[in-house]
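Shown next: model-v8.csv, given as CSV, C-alpha atoms and all ligand atoms.
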```csv
chain,number,residue,atom,x,y,z
A,1,MET,CA,55.0,14.6,29.1
A,2,ALA,CA,55.1,13.5,25.5
A,3,ALA,CA,51.5,14.7,25.2
A,4,LYS,CA,52.5,18.1,26.5
A,5,ARG,CA,55.3,18.4,23.9
A,6,ARG,CA,52.9,17.2,21.2
A,7,LEU,CA,50.4,19.9,22.1
A,8,GLY,CA,53.1,22.5,22.3
A,9,LEU,CA,54.2,21.6,18.8
A,10,ILE,CA,50.6,21.7,17.5
A,11,THR,CA,50.0,25.1,19.0
A,12,LEU,CA,53.3,26.2,17.4
A,13,TRP,CA,52.9,24.9,13.9
A,14,VAL,CA,49.1,25.0,13.2
A,15,PRO,CA,49.1,28.8,13.7
A,16,THR,CA,52.2,29.0,11.4
A,17,ILE,CA,50.4,27.1,8.7
A,18,GLY,CA,47.3,29.3,9.3
A,19,THR,CA,49.4,32.4,8.9
A,20,VAL,CA,50.8,31.2,5.5
A,21,ILE,CA,47.2,30.5,4.4
A,22,ALA,CA,46.0,33.9,5.7
A,23,ILE,CA,48.7,35.7,3.8
A,24,ALA,CA,47.9,33.7,0.6
A,25,THR,CA,44.2,34.6,0.9
A,26,ALA,CA,45.1,38.2,1.5
A,27,PHE,CA,46.5,38.3,-2.0
A,28,ILE,CA,43.3,37.1,-3.4
A,29,TRP,CA,40.7,38.9,-1.3
A,30,GLY,CA,42.8,41.6,0.3
A,31,ILE,CA,42.5,42.5,4.0
A,32,GLY,CA,40.4,45.2,5.6
A,33,ALA,CA,39.5,46.8,8.8
A,34,LEU,CA,37.8,43.6,10.0
A,35,GLU,CA,40.9,41.4,9.8
A,36,ILE,CA,43.2,44.1,11.2
A,37,GLY,CA,40.7,44.9,14.0
A,38,LEU,CA,40.3,41.3,15.1
A,39,LEU,CA,44.0,40.7,14.9
A,40,ILE,CA,44.8,43.7,17.1
A,41,GLY,CA,41.9,43.1,19.5
A,42,MET,CA,42.8,39.4,20.1
A,43,TYR,CA,46.4,40.3,20.3
A,44,VAL,CA,45.8,42.8,23.1
A,45,LEU,CA,43.6,40.3,25.0
A,46,THR,CA,45.9,37.4,24.8
A,47,MET,CA,49.2,39.3,25.2
A,48,ALA,CA,47.7,40.9,28.3
A,49,GLY,CA,46.7,37.4,29.4
A,50,VAL,CA,50.2,36.1,29.1
A,51,GLU,CA,52.1,39.1,30.4
A,52,VAL,CA,49.8,40.6,33.0
A,53,SER,CA,48.3,37.3,34.3
A,54,PHE,CA,50.7,34.4,33.7
A,55,HIS,CA,53.8,36.4,34.1
A,56,ARG,CA,53.3,39.3,36.5
A,57,GLN,CA,50.4,38.0,38.6
A,58,LEU,CA,50.8,34.3,38.7
A,59,SER,CA,54.6,33.7,38.2
A,60,HIS,CA,55.8,36.6,40.3
A,61,LYS,CA,52.8,37.6,42.5
A,62,ALA,CA,53.5,41.2,41.6
A,63,PHE,CA,49.9,42.3,42.4
A,64,GLU,CA,46.7,40.9,43.7
A,65,SER,CA,43.2,41.4,42.2
A,66,LYS,CA,39.6,40.5,42.5
A,67,PRO,CA,39.2,36.8,41.9
A,68,TRP,CA,37.0,37.3,38.8
A,69,LEU,CA,39.7,39.5,37.2
A,70,ARG,CA,42.3,36.9,38.0
A,71,TYR,CA,40.2,34.2,36.5
A,72,PHE,CA,39.4,36.3,33.3
A,73,LEU,CA,43.1,37.2,32.8
A,74,ALA,CA,44.3,33.7,33.3
A,75,VAL,CA,41.7,32.5,30.7
A,76,ALA,CA,42.9,35.1,28.3
A,77,GLY,CA,46.5,33.8,28.9
A,78,CYS,CA,45.3,30.2,28.0
A,79,MET,CA,44.0,31.6,24.7
A,80,ALA,CA,47.5,32.5,23.7
A,81,ALA,CA,48.3,28.8,23.6
A,82,GLN,CA,51.7,28.9,25.2
A,83,GLY,CA,50.8,26.2,27.7
A,84,GLY,CA,48.4,26.1,30.6
A,85,PRO,CA,49.1,28.4,33.6
A,86,VAL,CA,50.7,25.6,35.7
A,87,TYR,CA,53.3,24.6,33.1
A,88,TRP,CA,53.8,28.2,31.9
A,89,VAL,CA,54.5,29.5,35.5
A,90,ALA,CA,56.7,26.5,36.3
A,91,THR,CA,58.8,27.0,33.1
A,92,HIS,CA,59.1,30.7,33.7
A,93,ARG,CA,60.2,30.3,37.3
A,94,ARG,CA,62.8,27.8,36.2
A,95,HIS,CA,64.0,30.4,33.7
A,96,HIS,CA,64.6,32.8,36.6
A,97,VAL,CA,66.2,30.3,38.9
A,98,HIS,CA,68.6,29.0,36.1
A,99,SER,CA,68.8,32.1,33.9
A,100,ASP,CA,71.3,31.6,31.0
A,101,THR,CA,72.7,28.4,32.4
A,102,PRO,CA,72.2,24.9,30.7
A,103,GLU,CA,69.2,24.4,33.1
A,104,ASP,CA,67.4,27.5,31.7
A,105,PRO,CA,64.4,26.2,29.6
A,106,HIS,CA,65.1,28.7,26.8
A,107,SER,CA,68.4,30.4,27.0
A,108,PRO,CA,70.0,31.5,23.7
A,109,HIS,CA,73.4,30.9,25.2
A,110,TYR,CA,73.4,27.5,26.9
A,111,ARG,CA,71.4,24.3,26.7
A,112,ILE,CA,71.7,20.7,27.8
A,113,GLY,CA,73.0,18.8,24.8
A,114,LYS,CA,73.7,15.1,24.4
A,115,LYS,CA,76.9,15.4,26.5
A,116,GLY,CA,75.5,17.8,29.1
A,117,GLY,CA,75.7,21.6,29.2
A,118,GLU,CA,76.8,23.2,26.0
A,119,ARG,CA,77.4,26.8,24.7
A,120,MET,CA,75.6,27.8,21.6
A,121,GLY,CA,76.6,30.2,18.8
A,122,ARG,CA,74.4,33.2,18.1
A,123,SER,CA,72.1,32.0,15.4
A,124,LYS,CA,71.7,28.5,16.8
A,125,GLY,CA,71.1,30.0,20.2
A,126,LEU,CA,68.4,32.4,19.0
A,127,TRP,CA,66.7,29.5,17.2
A,128,TYR,CA,66.9,27.3,20.2
A,129,ALA,CA,65.4,30.0,22.6
A,130,GLN,CA,62.7,30.9,20.1
A,131,VAL,CA,61.5,27.5,18.9
A,132,GLY,CA,64.1,24.7,19.3
A,133,ASN,CA,63.6,24.3,23.0
A,134,MET,CA,60.2,22.9,22.4
A,135,TYR,CA,61.7,20.0,20.6
A,136,GLU,CA,64.8,19.3,22.6
A,137,GLY,CA,64.5,21.0,25.9
A,138,LEU,CA,64.1,19.1,29.2
A,139,PRO,CA,60.6,19.3,30.5
A,140,THR,CA,60.0,21.4,33.6
A,141,ASN,CA,59.0,19.8,36.9
A,142,CYS,CA,55.8,21.6,37.8
A,143,THR,CA,55.5,20.2,41.3
A,144,LEU,CA,58.9,21.7,42.0
A,145,PHE,CA,58.4,25.1,40.5
A,146,ALA,CA,54.6,25.7,40.6
A,147,ARG,CA,53.3,23.8,43.6
A,148,ASP,CA,51.3,26.8,44.6
A,149,MET,CA,49.6,26.9,41.2
A,150,ILE,CA,48.7,23.2,41.4
A,151,ARG,CA,47.2,23.8,44.9
A,152,ASP,CA,45.3,26.9,43.8
A,153,PRO,CA,41.7,25.6,43.0
A,154,MET,CA,41.0,28.4,40.5
A,155,ILE,CA,44.2,28.0,38.6
A,156,SER,CA,44.2,24.2,38.5
A,157,ARG,CA,40.6,24.3,37.2
A,158,ILE,CA,41.6,26.7,34.4
A,159,ASN,CA,44.6,24.5,33.8
A,160,ARG,CA,42.5,21.5,33.2
A,161,SER,CA,40.4,23.3,30.7
A,162,TYR,CA,43.4,24.8,28.9
A,163,ARG,CA,42.6,23.2,25.5
A,164,PHE,CA,39.0,24.3,25.7
A,165,TRP,CA,40.1,27.9,26.2
A,166,ILE,CA,42.4,27.7,23.2
A,167,VAL,CA,39.4,26.7,21.1
A,168,VAL,CA,37.3,29.6,22.6
A,169,GLY,CA,40.2,31.9,21.7
A,170,LEU,CA,39.8,30.8,18.1
A,171,LEU,CA,36.0,30.9,18.1
A,172,ILE,CA,35.7,34.5,19.4
A,173,PRO,CA,37.2,36.1,16.3
A,174,THR,CA,35.5,33.5,14.0
A,175,VAL,CA,32.0,34.4,15.4
A,176,LEU,CA,32.8,38.1,15.5
A,177,GLY,CA,34.1,38.0,11.9
A,178,GLY,CA,31.0,36.2,10.7
A,179,VAL,CA,28.5,38.4,12.6
A,180,ILE,CA,30.2,41.7,11.7
A,181,SER,CA,30.5,40.9,8.0
A,182,GLY,CA,27.4,38.8,7.8
A,183,THR,CA,29.2,36.2,5.6
A,184,TRP,CA,30.9,32.9,6.0
A,185,LEU,CA,34.0,34.3,4.4
A,186,GLY,CA,34.1,36.9,7.2
A,187,ALA,CA,34.0,34.1,9.8
A,188,LEU,CA,36.9,32.3,8.0
A,189,SER,CA,38.8,35.6,7.9
A,190,GLY,CA,38.2,36.1,11.6
A,191,LEU,CA,39.5,32.6,12.3
A,192,LEU,CA,42.6,33.2,10.2
A,193,TRP,CA,43.5,36.7,11.3
A,194,GLY,CA,42.1,37.0,14.9
A,195,GLY,CA,42.9,33.3,15.5
A,196,PHE,CA,45.9,31.8,13.8
A,197,VAL,CA,47.9,34.9,12.7
A,198,ARG,CA,47.3,36.5,16.1
A,199,MET,CA,48.5,33.3,17.8
A,200,PHE,CA,51.6,33.1,15.6
A,201,VAL,CA,52.5,36.8,16.1
A,202,VAL,CA,51.9,36.6,19.9
A,203,HIS,CA,54.1,33.4,20.1
A,204,HIS,CA,57.1,34.8,18.3
A,205,ILE,CA,57.0,38.3,19.8
A,206,TYR,CA,56.6,36.9,23.3
A,207,TYR,CA,59.3,34.2,22.9
A,208,ALA,CA,61.7,37.0,21.9
A,209,ASN,CA,61.8,37.8,25.6
A,210,GLY,CA,63.8,34.6,26.1
A,211,SER,CA,65.8,34.9,22.9
A,212,PHE,CA,66.5,38.4,21.6
A,213,SER,CA,66.0,40.1,25.0
A,214,HIS,CA,68.7,37.8,26.5
A,215,MET,CA,71.1,38.8,23.7
A,216,TYR,CA,70.6,42.4,22.4
A,217,GLY,CA,70.0,45.5,24.4
A,218,GLY,CA,71.2,47.6,27.4
A,219,GLN,CA,72.2,46.0,30.7
A,220,PRO,CA,72.0,48.6,33.4
A,221,TYR,CA,71.9,45.8,36.1
A,222,ASP,CA,74.5,43.1,36.6
A,223,ASN,CA,72.2,40.1,37.0
A,224,LYS,CA,74.8,37.4,36.4
A,225,ASP,CA,72.9,36.4,33.3
A,226,PHE,CA,72.6,37.8,29.7
A,227,SER,CA,69.2,39.5,30.2
A,228,THR,CA,68.9,42.8,28.3
A,229,ASN,CA,66.5,45.7,28.0
A,230,ASN,CA,65.4,45.3,24.4
A,231,PRO,CA,63.7,48.5,23.1
A,232,VAL,CA,62.5,46.8,19.8
A,233,PHE,CA,60.2,44.3,21.5
A,234,ALA,CA,59.3,46.6,24.5
A,235,VAL,CA,55.9,47.8,23.3
A,236,PRO,CA,54.7,44.6,21.6
A,237,THR,CA,55.6,42.4,24.6
A,238,PHE,CA,53.7,44.9,26.8
A,239,GLY,CA,57.0,45.7,28.7
A,240,SER,CA,58.3,42.2,29.2
A,241,ALA,CA,61.3,42.9,26.9
A,242,TYR,CA,62.9,44.9,29.7
A,243,GLN,CA,64.4,41.6,30.8
A,244,ASN,CA,67.4,43.2,32.4
A,245,ASN,CA,65.2,45.4,34.7
A,246,HIS,CA,62.9,42.4,35.3
A,247,HIS,CA,65.7,40.0,36.3
A,248,ALA,CA,67.0,42.6,38.7
A,249,PHE,CA,63.5,43.1,40.3
A,250,PRO,CA,61.5,39.9,39.4
A,251,ARG,CA,58.7,40.6,41.9
A,252,SER,CA,58.1,44.1,40.6
A,253,ALA,CA,54.9,44.8,38.7
A,254,LEU,CA,56.7,47.6,36.9
A,255,LEU,CA,59.2,46.6,34.3
A,256,GLY,CA,59.8,49.9,32.5
A,257,PHE,CA,61.8,51.9,35.1
A,258,ARG,CA,62.5,55.0,32.9
A,259,TRP,CA,60.2,57.6,31.3
A,260,TYR,CA,61.4,56.3,27.9
A,261,GLN,CA,60.6,52.7,28.8
A,262,PRO,CA,56.8,52.3,27.9
A,263,ASP,CA,55.2,49.5,30.0
A,264,VAL,CA,51.8,48.5,28.7
A,265,GLY,CA,51.5,45.7,31.2
A,266,MET,CA,51.9,48.2,34.1
A,267,ALA,CA,49.4,50.5,32.4
A,268,PHE,CA,46.8,47.7,32.7
A,269,ILE,CA,47.7,47.1,36.3
A,270,ARG,CA,47.5,50.8,37.1
A,271,LEU,CA,44.1,50.9,35.5
A,272,PHE,CA,42.9,47.9,37.5
A,273,ARG,CA,44.2,49.5,40.7
A,274,TRP,CA,42.5,52.8,39.8
A,275,LEU,CA,39.2,50.9,39.3
A,276,GLY,CA,39.6,49.3,42.7
A,277,LEU,CA,40.1,45.8,41.1
A,278,ALA,CA,43.8,45.4,42.0
A,279,TRP,CA,45.9,46.1,45.0
A,280,ASN,CA,49.2,45.3,46.7
A,281,VAL,CA,51.0,46.3,43.5
A,282,ASN,CA,54.6,45.6,44.1
A,283,VAL,CA,56.9,48.3,42.8
A,284,PRO,CA,60.5,48.9,44.2
A,285,SER,CA,61.3,52.4,45.4
A,286,LYS,CA,63.3,54.9,43.3
A,287,GLU,CA,66.3,54.4,45.7
A,288,GLN,CA,66.2,50.6,45.3
A,289,ILE,CA,66.0,51.0,41.5
A,290,GLU,CA,69.0,53.3,41.5
A,291,SER,CA,71.2,51.6,44.1
A,292,ARG,CA,71.2,48.3,42.2
A,293,ARG,CA,72.3,50.0,38.9
A,294,LYS,CA,75.9,49.2,38.1
A,295,ARG,CA,78.3,51.8,36.8
A,296,VAL,CA,80.1,49.8,34.1
A,297,GLN,CA,78.0,48.5,31.2
A,298,HIS,CA,78.3,44.8,30.5
A,299,ALA,CA,81.5,44.0,28.6
A,301,ZN,ZN,64.5,36.4,31.2
A,302,ZN,ZN,59.7,36.8,35.0
```
I need this file expressed as structure tokens, please.
Ligand SMILES: [Zn+2]
Ligand SMILES: [Zn+2]
Amino acid sequence: MAAKRRLGLITLWVPTIGTVIAIATAFIWGIGALEIGLLIGMYVLTMAGVEVSFHRQLSHKAFESKPWLRYFLAVAGCMAAQGGPVYWVATHRRHHVHSDTPEDPHSPHYRIGKKGGERMGRSKGLWYAQVGNMYEGLPTNCTLFARDMIRDPMISRINRSYRFWIVVGLLIPTVLGGVISGTWLGALSGLLWGGFVRMFVVHHIYYANGSFSHMYGGQPYDNKDFSTNNPVFAVPTFGSAYQNNHHAFPRSALLGFRWYQPDVGMAFIRLFRWLGLAWNVNVPSKEQIESRRKRVQHA
């Protein structure tokens, strides 16, 4: 478990250092279409990997797909470097079971301190949910929360090669940067912007689901936790920031229930279904969505 935590901290801080270097070099060399393009392209690939695969398909079984698509998406999820699929799924399911209690792996409200469960203040809680839990949080029991993932031959194989896929996720933008620009500097730029900056940005935007989206935003559903629909992070998290909707209907492939709640993750799933690559897409009926809404907003 110590090794897992060490790897978690490496994948947290190496991209942070890489981002500082990237910004420093941008002042010297500037940044252009290559850097922005690789950043966005790798962002979309790995955010989709985390949100569409790790979250909706693997953790919640919100839809089924062709095995090769499931494999491809899970590999893209590994490239985000937020943990292998087994640990990611287990931690996420634990978040749902114990949402905003001390047992939640990354609540901004409660944690298990030295003397047991403790309430945190706003800024301390946000820091803990975003980053601090990786230092102090109790590790998740994967056998308890993700037994199905461990027993899934495809997922456990991908899980074993998690580190390899992180490296591949860094090599793709490096090679593309080098080939497109035809220079070594372009390769370095690709590594920095499509690799480290992208990883840093995906980390902190995605982790906002556990921090800011359990603190700020609307609460149409009374979930007995602090989950909110956070409009600021909605688009960049591909819809995952609708945490209040999500905790009300965790098995739903759809997270944005209203016309003004864009859901990029669901757009991917709809596209896969339209192409005949995905099926059994789990979406609650309009009546179910409405009947669970509470009248009084959270106090
Ligand atoms: Zn949540
Ligand atoms: Zn979830």
Can you tell me, as a ChimeraX atom specification, what residues are no more than 12 Å from A:Thr140 when counting all atoms listed in the file, ignoring any on the same chain fewer than 5 positions away?
/A:1,4-5,83,86-95,98,103-106,133-134,145-146
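Here the question is which of A:Phe196, A:Phe226, A:Trp13, A:Tyr206 gets nearest to A:Ser99 using only C-alpha atoms, and that residue is A:Phe226.
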List as a VMD selection string the protein and nucleic acid residues lying within 8 Å of ligand ZN 301 (chain A), with all atoms listed in the file counted.
chain A and resid 95 to 96 99 209 to 210 213 to 214 227 243 to 244 246 to 247
Next, write the just-selected residues to a file, as a compact mmCIF listing (two decimals), in the coordinates of the input, keeping C-alpha atoms as the atom set.
```txt
# COMPACT_ATOMS: atom_id res chain seq x y z
CA HIS A 95 64.00 30.40 33.70
CA HIS A 96 64.60 32.80 36.60
CA SER A 99 68.80 32.10 33.90
CA ASN A 209 61.80 37.80 25.60
CA GLY A 210 63.80 34.60 26.10
CA SER A 213 66.00 40.10 25.00
CA HIS A 214 68.70 37.80 26.50
CA SER A 227 69.20 39.50 30.20
CA GLN A 243 64.40 41.60 30.80
CA ASN A 244 67.40 43.20 32.40
CA HIS A 246 62.90 42.40 35.30
CA HIS A 247 65.70 40.00 36.30
```
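The nearest approach to ligand ZN 302 (chain A) among the residues A:Gly239, A:Pro262, A:Gly41, A:Pro108, with only C-alpha atoms and all ligand atoms taken into account, belongs to A:Gly239.
Nearest residue to A:Pro236, choosing from A:Phe63, A:Tyr43, A:Tyr162, A:Phe272 and counting only C-alpha atoms: A:Tyr43.
One distance worth recording is that between atom CA of A:Val283 and atom CA of A:Leu69, which is 20.1 Å.
With distances taken over only C-alpha atoms and all ligand atoms, A:Tyr242 is the one residue among A:Tyr71, A:Tyr216, A:Tyr242, A:Tyr221 lying closest to ligand ZN 302 (chain A).
Excluding A:Arg160 itself and any same-chain residue fewer than 5 positions from it, the protein and nucleic acid residues within 10 Å of it, counting only C-alpha atoms, are Gly84, Pro85, Val86, Ile155 and Trp165 of chain A.
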Write out the residues from the selection above, keeping C-alpha atoms, as a JSON list (two decimals), keeping the file's coordinate frame.
```json
[["chain", "number", "residue", "atom", "x", "y", "z"],
["A", 84, "GLY", "CA", 48.40, 26.10, 30.60],
["A", 85, "PRO", "CA", 49.10, 28.40, 33.60],
["A", 86, "VAL", "CA", 50.70, 25.60, 35.70],
["A", 155, "ILE", "CA", 44.20, 28.00, 38.60],
["A", 165, "TRP", "CA", 40.10, 27.90, 26.20]]
```
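With distances restricted to all atoms listed in the file, A:Val52 is the closest residue to ligand ZN 302 (chain A) from A:Val202, A:Ala129, A:Val52, A:Ile36.
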My list of candidates is A:Gln57, A:Arg119, A:Gly190, A:Ser65. Which is closest to A:Gly276 when distances are computed with all atoms listed in the file?
A:Ser65
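Straight-line separation from atom CA of A:Asn229 to atom CA of A:Leu12: 25.8 Å.
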Local residues around (44.9, 43.4, 26.4), at most 9 Å away, using only C-alpha atoms, as number ranges by chain:
A: 41-49, 52, 76, 238, 264-265, 268
